[in-house]
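Engineer: Following this line is my_file.cif, made up of mmCIF, C-alpha atoms and all ligand atoms:
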data_query
#
loop_
_atom_site.label_atom_id
_atom_site.label_comp_id
_atom_site.auth_asym_id
_atom_site.auth_seq_id
_atom_site.Cartn_x
_atom_site.Cartn_y
_atom_site.Cartn_z
CA MET A 1273 203.41 226.14 140.51
CA LYS A 1274 202.00 229.66 141.00
CA GLY A 1275 201.51 231.59 137.79
CA GLY A 1276 200.27 228.61 135.79
CA VAL A 1277 203.58 226.98 134.86
CA PRO A 1278 202.76 223.51 133.53
CA PRO A 1279 204.01 220.87 135.97
CA SER A 1280 206.47 218.24 134.81
CA ASP A 1281 205.52 214.57 134.69
CA THR A 1282 207.73 214.00 137.70
CA PHE A 1283 205.89 216.64 139.64
CA LEU A 1284 202.57 215.08 138.79
CA PHE A 1285 203.88 211.68 139.69
CA GLU A 1286 205.08 212.96 143.05
CA LEU A 1287 201.73 214.56 143.69
CA GLN A 1288 200.03 211.36 142.79
CA LEU A 1289 202.05 209.43 145.31
CA ARG A 1290 201.69 212.05 147.96
CA HIS A 1291 197.96 212.36 147.72
CA ALA A 1292 197.31 208.69 147.24
CA HIS A 1293 199.33 208.04 150.35
CA LEU A 1294 197.74 210.84 152.32
CA LEU A 1295 194.30 209.70 151.32
CA LEU A 1296 194.89 206.08 152.17
CA GLY A 1297 194.05 204.83 148.72
CA ARG A 1298 190.43 205.94 148.74
CA PHE A 1299 191.02 208.47 145.99
CA GLU A 1300 192.55 208.39 142.62
CA LEU A 1301 194.78 211.12 141.27
CA VAL A 1302 194.83 211.06 137.51
CA CYS A 1303 197.62 212.82 135.66
CA GLY A 1304 196.17 212.52 132.18
CA CYS A 1305 198.44 209.66 131.17
CA CYS A 1306 197.32 207.29 133.92
CA ALA A 1307 194.35 204.97 133.54
CA PRO A 1308 191.59 205.29 136.13
CA VAL A 1309 191.52 202.60 138.79
CA GLU A 1310 188.59 200.93 140.53
CA LYS A 1311 185.74 202.91 142.01
CA PHE A 1312 186.34 205.08 145.02
CA HIS A 1313 184.18 207.84 146.35
CA TYR A 1314 185.70 210.21 143.89
CA ARG A 1315 188.57 210.73 141.54
CA LEU A 1316 190.97 213.56 141.87
CA HIS A 1317 192.72 214.92 138.85
CA PHE A 1318 195.50 217.35 139.72
CA VAL A 1319 197.01 219.45 136.94
CA HIS A 1320 198.31 223.04 136.74
CA SER A 1321 197.50 224.00 140.35
CA VAL A 1322 193.90 222.85 139.98
CA ALA A 1323 192.33 219.75 141.50
CA VAL A 1324 189.39 218.24 139.63
CA MET A 1325 187.31 216.13 141.98
CA ARG A 1326 184.83 213.79 140.35
CA LEU A 1327 182.26 212.66 142.86
CA GLN A 1328 181.76 208.95 142.68
CA ASN A 1329 179.36 207.51 145.22
CA PRO A 1330 177.01 205.30 143.15
CA PRO A 1331 174.28 205.34 142.23
CA VAL A 1332 173.43 209.04 142.75
CA ASN A 1333 176.29 210.61 144.77
CA SER A 1334 174.12 210.90 147.85
CA LEU A 1335 176.02 212.49 150.71
CA ASN A 1336 176.40 209.95 153.49
CA LEU A 1337 178.64 210.15 156.55
CA ASP A 1338 181.47 208.16 155.02
CA PHE A 1339 181.46 210.21 151.85
CA LEU A 1340 181.29 213.55 153.68
CA THR A 1341 184.13 212.57 155.99
CA GLU A 1342 186.39 211.67 153.07
CA PHE A 1343 185.36 214.77 151.22
CA CYS A 1344 186.28 217.04 154.14
CA ILE A 1345 189.65 215.36 154.68
CA THR A 1346 190.51 215.80 151.01
CA VAL A 1347 189.48 219.44 150.87
CA GLU A 1348 191.52 220.08 154.01
CA LYS A 1349 194.60 218.45 152.46
CA LEU A 1350 194.16 220.46 149.27
CA GLU A 1351 193.68 223.62 151.31
CA MET A 1352 196.98 223.03 153.07
CA ASP A 1353 198.79 222.28 149.81
CA LYS A 1354 200.01 225.69 148.70
CA SER A 1355 200.49 224.44 145.14
CA CYS A 1356 196.74 223.86 144.83
CA ARG A 1357 194.89 227.09 144.05
CA GLY A 1358 191.66 225.85 142.54
CA LEU A 1359 189.12 223.05 142.92
CA ILE A 1360 186.62 221.92 140.30
CA LEU A 1361 183.81 219.73 141.57
CA THR A 1362 182.00 217.52 139.13
CA SER A 1363 180.31 214.12 139.02
CA ASN A 1364 181.50 210.80 137.74
CA GLN A 1365 177.95 209.41 137.85
CA PRO A 1366 175.67 209.67 134.84
CA LYS A 1367 172.83 212.23 134.98
CA VAL A 1368 173.37 213.21 138.62
CA PHE A 1369 175.72 215.75 140.17
CA SER A 1370 174.53 214.84 143.68
CA ALA A 1371 171.13 213.65 144.97
CA GLY A 1372 171.78 215.60 148.17
CA LEU A 1373 171.97 214.26 151.67
CA ASP A 1374 171.58 210.52 151.94
CA ILE A 1375 168.05 210.17 153.29
CA MET A 1376 168.98 206.82 154.80
CA GLU A 1377 171.28 208.70 157.23
CA MET A 1378 168.24 210.52 158.59
CA TYR A 1379 165.65 207.74 158.50
CA GLU A 1380 165.12 205.40 161.47
CA LYS A 1381 168.50 206.35 162.93
CA SER A 1382 169.44 207.01 166.56
CA PRO A 1383 169.73 210.61 167.75
CA GLU A 1384 173.49 210.03 168.18
CA SER A 1385 173.93 208.91 164.54
CA CYS A 1386 171.82 211.81 163.30
CA GLY A 1387 173.96 214.22 165.32
CA GLU A 1388 177.20 212.80 163.95
CA PHE A 1389 175.85 212.96 160.44
CA TRP A 1390 174.74 216.56 160.81
CA LYS A 1391 178.14 217.59 162.15
CA ALA A 1392 179.68 216.17 158.96
CA VAL A 1393 177.20 218.11 156.80
CA GLN A 1394 178.11 221.31 158.65
CA GLU A 1395 181.81 220.52 158.20
CA MET A 1396 181.41 220.03 154.44
CA TRP A 1397 179.70 223.40 154.14
CA LEU A 1398 182.23 225.20 156.37
CA LYS A 1399 185.19 223.74 154.46
CA LEU A 1400 183.84 224.60 151.03
CA TYR A 1401 182.22 227.95 151.78
CA GLY A 1402 185.32 229.10 153.63
CA SER A 1403 187.84 227.71 151.16
CA ASN A 1404 190.77 229.86 150.08
CA MET A 1405 190.84 228.01 146.76
CA VAL A 1406 188.82 229.11 143.76
CA THR A 1407 185.96 226.62 143.74
CA ILE A 1408 183.93 225.87 140.62
CA ALA A 1409 180.99 223.48 140.41
CA ALA A 1410 180.74 221.79 137.01
CA ILE A 1411 177.18 220.54 137.43
CA ASN A 1412 176.81 217.72 134.96
CA GLY A 1413 173.52 216.33 136.26
CA SER A 1414 170.66 216.92 138.68
CA SER A 1415 171.54 218.62 141.91
CA PRO A 1416 168.67 218.72 144.41
CA ALA A 1417 168.80 219.80 148.09
CA GLY A 1418 172.24 219.04 149.59
CA GLY A 1419 173.60 218.74 146.02
CA CYS A 1420 172.39 222.28 145.35
CA LEU A 1421 173.94 223.41 148.63
CA MET A 1422 177.28 221.95 147.60
CA SER A 1423 177.03 223.81 144.28
CA ILE A 1424 176.14 227.17 145.80
CA THR A 1425 179.00 227.02 148.27
CA CYS A 1426 181.32 227.22 145.25
CA ASP A 1427 182.49 230.52 143.75
CA TYR A 1428 181.07 229.81 140.29
CA ARG A 1429 178.58 227.35 138.80
CA ILE A 1430 178.55 225.97 135.28
CA MET A 1431 175.66 223.64 134.47
CA ALA A 1432 175.10 221.24 131.61
CA ASP A 1433 172.34 222.58 129.39
CA ASN A 1434 170.09 219.54 129.57
CA PRO A 1435 166.38 220.19 130.32
CA ARG A 1436 166.13 216.83 132.10
CA TYR A 1437 168.44 218.06 134.86
CA SER A 1438 167.26 220.13 137.78
CA ILE A 1439 168.72 222.05 140.70
CA GLY A 1440 167.25 223.64 143.81
CA LEU A 1441 166.56 223.39 147.50
CA ASN A 1442 163.51 221.12 147.48
CA GLU A 1443 163.50 220.28 151.20
CA THR A 1444 159.89 221.35 151.82
CA GLN A 1445 158.76 218.80 149.25
CA LEU A 1446 160.14 216.13 151.57
CA GLY A 1447 158.33 217.71 154.52
CA ILE A 1448 161.59 218.96 156.02
CA VAL A 1449 162.98 222.43 156.59
CA ALA A 1450 166.34 223.62 155.27
CA PRO A 1451 168.47 225.02 158.10
CA PHE A 1452 169.31 228.72 158.31
CA TRP A 1453 172.74 228.32 156.74
CA PHE A 1454 171.27 226.59 153.64
CA MET A 1455 168.88 229.54 153.41
CA ASP A 1456 171.66 232.08 153.93
CA THR A 1457 173.79 230.52 151.20
CA MET A 1458 170.82 230.59 148.83
CA MET A 1459 170.04 234.23 149.71
CA ASN A 1460 173.69 235.18 149.14
CA THR A 1461 173.40 233.59 145.70
CA VAL A 1462 170.00 234.63 144.32
CA GLY A 1463 168.74 237.25 146.77
CA HIS A 1464 166.08 237.25 149.48
CA ARG A 1465 162.84 237.37 147.47
CA THR A 1466 163.80 234.62 145.03
CA SER A 1467 165.01 232.48 147.95
CA GLU A 1468 161.70 232.90 149.78
CA ILE A 1469 159.81 231.57 146.79
CA ALA A 1470 162.36 228.87 146.00
CA LEU A 1471 162.60 227.58 149.55
CA GLN A 1472 158.95 227.74 150.55
CA LEU A 1473 157.83 225.94 147.43
CA GLY A 1474 160.85 223.62 147.39
CA LEU A 1475 161.39 224.47 143.75
CA LEU A 1476 163.63 222.49 141.45
CA TYR A 1477 164.71 224.58 138.47
CA SER A 1478 165.63 223.48 134.98
CA PRO A 1479 169.08 224.72 133.86
CA SER A 1480 167.59 227.63 131.88
CA GLU A 1481 165.38 228.67 134.83
CA ALA A 1482 168.36 228.35 137.16
CA LEU A 1483 170.40 230.61 134.89
CA LYS A 1484 167.59 233.16 134.80
CA ILE A 1485 167.45 233.52 138.61
CA GLY A 1486 171.24 233.41 138.99
CA LEU A 1487 171.32 230.03 140.71
CA VAL A 1488 173.91 229.00 138.13
CA ASP A 1489 176.25 231.34 136.26
CA GLN A 1490 176.58 229.67 132.88
CA LEU A 1491 175.09 226.87 130.78
CA VAL A 1492 177.11 224.84 128.32
CA PRO A 1493 176.62 221.63 126.35
CA GLU A 1494 177.46 218.72 128.62
CA ASP A 1495 180.55 217.68 126.66
CA GLN A 1496 182.04 221.15 127.15
CA ILE A 1497 181.52 221.44 130.86
CA LEU A 1498 185.04 220.58 132.00
CA THR A 1499 186.83 222.61 129.36
CA THR A 1500 184.64 225.59 130.23
CA ALA A 1501 185.30 225.07 133.94
CA THR A 1502 189.04 224.92 133.28
CA GLN A 1503 188.96 228.09 131.14
CA THR A 1504 186.93 229.87 133.80
CA MET A 1505 189.37 228.71 136.45
CA THR A 1506 192.26 230.21 134.48
CA LYS A 1507 190.50 233.58 134.52
CA TRP A 1508 189.88 233.43 138.26
CA LEU A 1509 193.46 232.35 138.95
CA ALA A 1510 194.77 235.37 137.07
CA ILE A 1511 193.63 237.51 140.03
CA PRO A 1512 196.24 237.78 142.80
CA ASP A 1513 195.34 235.13 145.39
CA HIS A 1514 195.62 237.33 148.47
CA ALA A 1515 193.26 240.02 147.12
CA ARG A 1516 190.69 237.50 145.92
CA GLN A 1517 190.87 235.44 149.12
CA ILE A 1518 190.47 238.42 151.45
CA THR A 1519 187.53 239.68 149.38
CA LYS A 1520 185.86 236.28 149.48
CA SER A 1521 186.47 235.91 153.18
CA MET A 1522 185.09 239.38 153.99
CA MET A 1523 181.94 238.68 151.99
CA ARG A 1524 181.32 235.22 153.47
CA LYS A 1525 182.52 235.71 157.06
CA PRO A 1526 179.21 236.89 158.59
CA THR A 1527 177.39 233.85 157.16
CA ILE A 1528 180.12 231.47 158.32
CA ASP A 1529 180.36 233.05 161.78
CA LYS A 1530 176.61 232.65 162.24
CA LEU A 1531 176.92 228.87 162.00
CA MET A 1532 180.27 228.71 163.80
CA SER A 1533 178.78 230.33 166.88
CA ASN A 1534 175.69 228.09 166.77
CA ARG A 1535 177.00 224.70 165.73
CA GLU A 1536 175.89 222.73 168.78
CA VAL A 1537 172.48 224.40 168.88
CA ASP A 1538 172.06 223.69 165.17
CA ILE A 1539 172.92 220.00 165.69
CA GLN A 1540 170.48 219.72 168.60
CA HIS A 1541 167.80 221.44 166.56
CA PHE A 1542 168.36 219.07 163.63
CA VAL A 1543 168.31 215.97 165.84
CA ASN A 1544 165.11 217.03 167.62
CA PHE A 1545 163.45 217.86 164.31
CA ILE A 1546 164.49 214.87 162.24
CA THR A 1547 163.67 212.26 164.91
CA LYS A 1548 160.07 213.48 165.32
CA ASP A 1549 157.52 210.82 164.36
CA SER A 1550 155.79 213.12 161.89
CA ILE A 1551 159.07 213.96 160.09
CA GLN A 1552 160.12 210.32 160.01
CA LYS A 1553 156.76 209.53 158.45
CA SER A 1554 157.32 212.18 155.75
CA LEU A 1555 160.79 210.81 154.98
CA GLY A 1556 159.42 207.27 154.80
CA MET A 1557 156.74 208.37 152.33
CA TYR A 1558 159.31 210.24 150.23
CA LEU A 1559 161.59 207.20 150.11
CA ALA A 1560 158.67 205.01 149.08
CA MET A 1561 157.80 207.54 146.35
CA LEU A 1562 161.39 207.44 145.04
CA LYS A 1563 161.33 203.67 144.84
CA LYS A 1564 157.85 203.58 143.29
CA ARG A 1565 158.81 206.16 140.66
CA LYS A 1566 161.60 203.82 139.64
CA SER A 1567 159.42 200.72 139.20
C1 LIG A 1601 166.30 219.42 158.76
C2 LIG A 1601 166.73 218.64 157.59
C3 LIG A 1601 167.48 219.44 156.60
C4 LIG A 1601 167.98 218.56 155.50
C5 LIG A 1601 168.58 219.27 154.45
C6 LIG A 1601 168.80 218.72 153.19
C7 LIG A 1601 168.11 217.51 152.83
C8 LIG A 1601 168.55 216.73 151.64
O1 LIG A 1601 169.51 216.91 150.92
S1 LIG A 1601 167.50 215.45 151.52
C9 LIG A 1601 167.81 214.73 149.96
C10 LIG A 1601 166.92 215.36 148.96
N1 LIG A 1601 167.16 214.75 147.69
C11 LIG A 1601 166.19 214.55 146.82
O2 LIG A 1601 165.05 214.89 147.02
C12 LIG A 1601 166.60 213.83 145.57
C13 LIG A 1601 165.95 212.49 145.49
N2 LIG A 1601 166.40 211.75 144.34
C14 LIG A 1601 166.00 212.01 143.08
O3 LIG A 1601 165.20 212.88 142.80
C15 LIG A 1601 166.56 211.13 142.01
O4 LIG A 1601 167.12 210.00 142.64
C16 LIG A 1601 167.64 211.80 141.14
C17 LIG A 1601 166.99 212.87 140.25
C18 LIG A 1601 168.73 212.44 141.98
C19 LIG A 1601 168.29 210.72 140.23
O5 LIG A 1601 167.30 210.04 139.53
P1 LIG A 1601 167.61 208.62 138.87
O6 LIG A 1601 168.90 208.67 138.16
O7 LIG A 1601 166.38 208.22 138.14
O8 LIG A 1601 167.86 207.65 140.12
P2 LIG A 1601 166.77 206.96 141.06
O9 LIG A 1601 165.73 207.92 141.48
O10 LIG A 1601 166.33 205.69 140.44
O11 LIG A 1601 167.66 206.65 142.38
C20 LIG A 1601 168.58 205.55 142.42
C21 LIG A 1601 168.57 205.01 143.84
O12 LIG A 1601 169.06 206.02 144.72
C22 LIG A 1601 168.11 206.27 145.75
N3 LIG A 1601 168.19 207.69 146.12
C23 LIG A 1601 168.01 208.74 145.35
N4 LIG A 1601 168.24 209.88 146.03
C24 LIG A 1601 168.57 209.51 147.27
C25 LIG A 1601 168.92 210.24 148.46
N5 LIG A 1601 169.00 211.58 148.49
N6 LIG A 1601 169.21 209.54 149.56
C26 LIG A 1601 169.16 208.20 149.56
N7 LIG A 1601 168.83 207.45 148.49
C27 LIG A 1601 168.54 208.11 147.35
C28 LIG A 1601 166.77 205.90 145.11
O13 LIG A 1601 165.81 205.65 146.09
C29 LIG A 1601 167.17 204.66 144.34
O14 LIG A 1601 167.30 203.60 145.27
P3 LIG A 1601 166.96 202.08 144.87
O15 LIG A 1601 165.53 202.06 144.46
O16 LIG A 1601 167.24 201.30 146.11
O17 LIG A 1601 167.90 201.75 143.75
#
Take the structure from the file and write it as structure tokens.

Structural biologist:
Amino acid sequence: MKGGVPPSDTFLFELQLRHAHLLLGRFELVCGCCAPVEKFHYRLHFVHSVAVMRLQNPPVNSLNLDFLTEFCITVEKLEMDKSCRGLILTSNQPKVFSAGLDIMEMYEKSPESCGEFWKAVQEMWLKLYGSNMVTIAAINGSSPAGGCLMSITCDYRIMADNPRYSIGLNETQLGIVAPFWFMDTMMNTVGHRTSEIALQLGLLYSPSEALKIGLVDQLVPEDQILTTATQTMTKWLAIPDHARQITKSMMRKPTIDKLMSNREVDIQHFVNFITKDSIQKSLGMYLAMLKKRKS
């Protein structure tokens, strides 16, 4: 598979079986000639050494424990599959890439549940930020908070040029504080000064604003997002894997090590913070605002 040789139908078929089996039927692997099946948390399309994962957790791809667990298992399997060199993340939901962490996982939950949830959020970030694969986010909808985090853990971001979409770390608007590793990832993407403003104000940027500050790398019309992501992937895959992977790892290692050596403390900190009455009140008000906005 290395070097971009198109796989045969048989190869694709075998992959389909292998991954469907490995993933216990919760995912779909589409080979281009196969019809999609019923809704799972996401669909996985695997062609030419590249997996395309379409997030599918209706209605807004919020990141709950179940979803994050499946996501991490899949990324781990892909990571171990030497024939898979690239991963494109996109959404199968209209208008939303991901609404971020599922607020219901943090609202009126026991400290134990909050801790388990946070460990899964950490795991998602560690798996993606430390991935050996080329990772591209094809952001075909809004991507606030945890959705933005998922995007900025990727190597490259292409966003649909639709002014109704937004992206950013808006945690302070919910009355919560993004942890240090969210901040670090943002600083590694757009720099310290822009991150200070973005994070303190909890700014959500339109695609053109996001492009201007370097939060995304490219804007394209929505119907071209996957073809652009695939073309970009081809360029990245033309670089010898070992050289690109070592470079990526050297640049990201200090940020990853910082969380790795503080995981338990970070979980404790999150649990203590999120279970405070005042924070629970803020989350409750934010949830009510979301529902009210809808009606
Ligand atoms: C120390 C703590 C650190 C924590 C770090 C990170 C925190 C996070 O990631 S918190 C999540 C922050 N996310 C947001 O602020 C986004 C909120 N959602 C939206 O702005 C909109 O839903 C969105 C623009 C994504 C999509 O808009 P619409 O297409 O118009 O959908 P609706 O707003 O009608 O939403 C449908 C449905 O989903 C519920 N919803 C939305 N987002 C979330 C979420 N993040 N978690 C849980 N539930 C969410 C929304 O309330 C609606 O519910 P129903 O009314 O029951 O249908």

Engineer: Write out as a PyMOL selection string which residues come within 12 Å of Arg1535 (chain A) when counting all atoms listed in the file, dropping same-chain ones fewer than 6 positions away.

Structural biologist: chain A and resi 1387+1390-1395+1397-1398+1451-1453+1528-1529+1541-1542

Engineer: Kindly give the distance, in Å, that separates CA of Val1324 (chain A) and CA of Asn1442 (chain A), rounded to a single decimal.

Structural biologist: 27.2 Å

Engineer: When you count only C-alpha atoms, which of these residues is closest to Trp1508 (chain A): A:Lys1399, A:Pro1366, A:Met1405, A:Asp1353?

Structural biologist: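 That would be A:Met1405, the residue with the smallest distance to Trp1508 (chain A).
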
Engineer: Can I get the residues of chain A within 7 Å of ligand LIG 1601 (chain A), each with the closest pair of atoms and their distance in Å to one decimal, using only C-alpha atoms and all ligand atoms, sorted chain first then ascending number, as CSV?

Structural biologist:
residue,atom,partner,partner_atom,distance
A:Pro1331,CA,A:LIG1601,C20,5.7
A:Val1332,CA,A:LIG1601,O12,5.7
A:Ser1334,CA,A:LIG1601,N5,5.2
A:Lys1367,CA,A:LIG1601,O6,6.2
A:Val1368,CA,A:LIG1601,C18,5.8
A:Ser1370,CA,A:LIG1601,C18,6.5
A:Ala1371,CA,A:LIG1601,C18,4.0
A:Gly1372,CA,A:LIG1601,O1,3.8
A:Leu1373,CA,A:LIG1601,O1,3.7
A:Asp1374,CA,A:LIG1601,N6,3.5
A:Ile1375,CA,A:LIG1601,N6,4.0
A:Met1376,CA,A:LIG1601,C26,5.4
A:Ser1414,CA,A:LIG1601,C17,5.7
A:Ser1415,CA,A:LIG1601,C18,6.8
A:Pro1416,CA,A:LIG1601,N1,5.4
A:Ala1417,CA,A:LIG1601,O1,4.1
A:Gly1418,CA,A:LIG1601,O1,3.7
A:Gly1419,CA,A:LIG1601,O1,6.6
A:Asn1442,CA,A:LIG1601,O2,6.4
A:Glu1443,CA,A:LIG1601,C7,5.6
A:Leu1446,CA,A:LIG1601,O2,6.8
A:Ile1448,CA,A:LIG1601,C2,5.4
A:Val1449,CA,A:LIG1601,C1,5.0
A:Ala1450,CA,A:LIG1601,C3,4.5
A:Pro1451,CA,A:LIG1601,C3,5.9
A:Phe1542,CA,A:LIG1601,C1,5.3
A:Phe1545,CA,A:LIG1601,C1,6.4
A:Ile1546,CA,A:LIG1601,C1,6.0
A:Leu1559,CA,A:LIG1601,O13,6.0
A:Leu1562,CA,A:LIG1601,O13,4.9
A:Lys1563,CA,A:LIG1601,O15,4.5
A:Lys1566,CA,A:LIG1601,O10,5.1

Engineer: Quick one: residues within 6 Å of Pro1493 (chain A), all atoms listed in the file counted, chain neighbours fewer than 3 positions away excluded, as a ChimeraX atom specification?

Structural biologist: /A:1432-1433,1496

Engineer: Between A:Arg1326, A:Arg1429, A:Arg1357, A:Lys1349, which one has atoms that come closest to Asp1489 (chain A), using only C-alpha atoms?

Structural biologist: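 For Asp1489 (chain A), the nearest of the given residues is A:Arg1429.
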
Engineer: Can you measure CA of Ser1382 (chain A) to CA of Thr1341 (chain A) for me? One decimal in Å is fine.

Structural biologist: 18.9 Å

Engineer: When you draw a straight line from CA of Arg1516 (chain A) to CA of Glu1351 (chain A), how long is it in Å?

Structural biologist: 15.2 Å

Engineer: Give me the residues within 10 Å of Ser1403 (chain A) as a list in words, counting only C-alpha atoms and dropping any in the same chain fewer than 6 places off.

Structural biologist: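 Counting only the stated atoms, we get Val1347, Glu1348, Leu1350, Glu1351, Gly1358, Leu1359, Trp1397, Thr1425, Cys1426, Asp1427, Gln1517, Lys1520 and Ser1521 of chain A.
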
Engineer: I need the residue nearest Leu1340 (chain A) from this list: A:Glu1384, A:Met1532, A:Ser1363, A:Met1422. Use all atoms listed in the file for the distance.

Structural biologist: A:Met1422

Engineer: Determine the nearest neighbour of Lys1530 (chain A) from the options A:Thr1457, A:Gln1472, A:Ser1438, A:Gln1490, counting only C-alpha atoms.

Structural biologist: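 Distance minimum relative to Lys1530 (chain A) lands on A:Thr1457.
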
Engineer: Considering all atoms listed in the file, return as a list in words whatever protein or nucleic-acid residues lie within 10 Å of Thr1461 (chain A), sequence-local ones (same chain, fewer than 5 positions apart) excluded.

Structural biologist: Ile1424, Thr1425, Asp1427, Met1455, Asp1456, Thr1466, Ser1467, Ile1485, Gly1486, Leu1487 and Val1488 of chain A
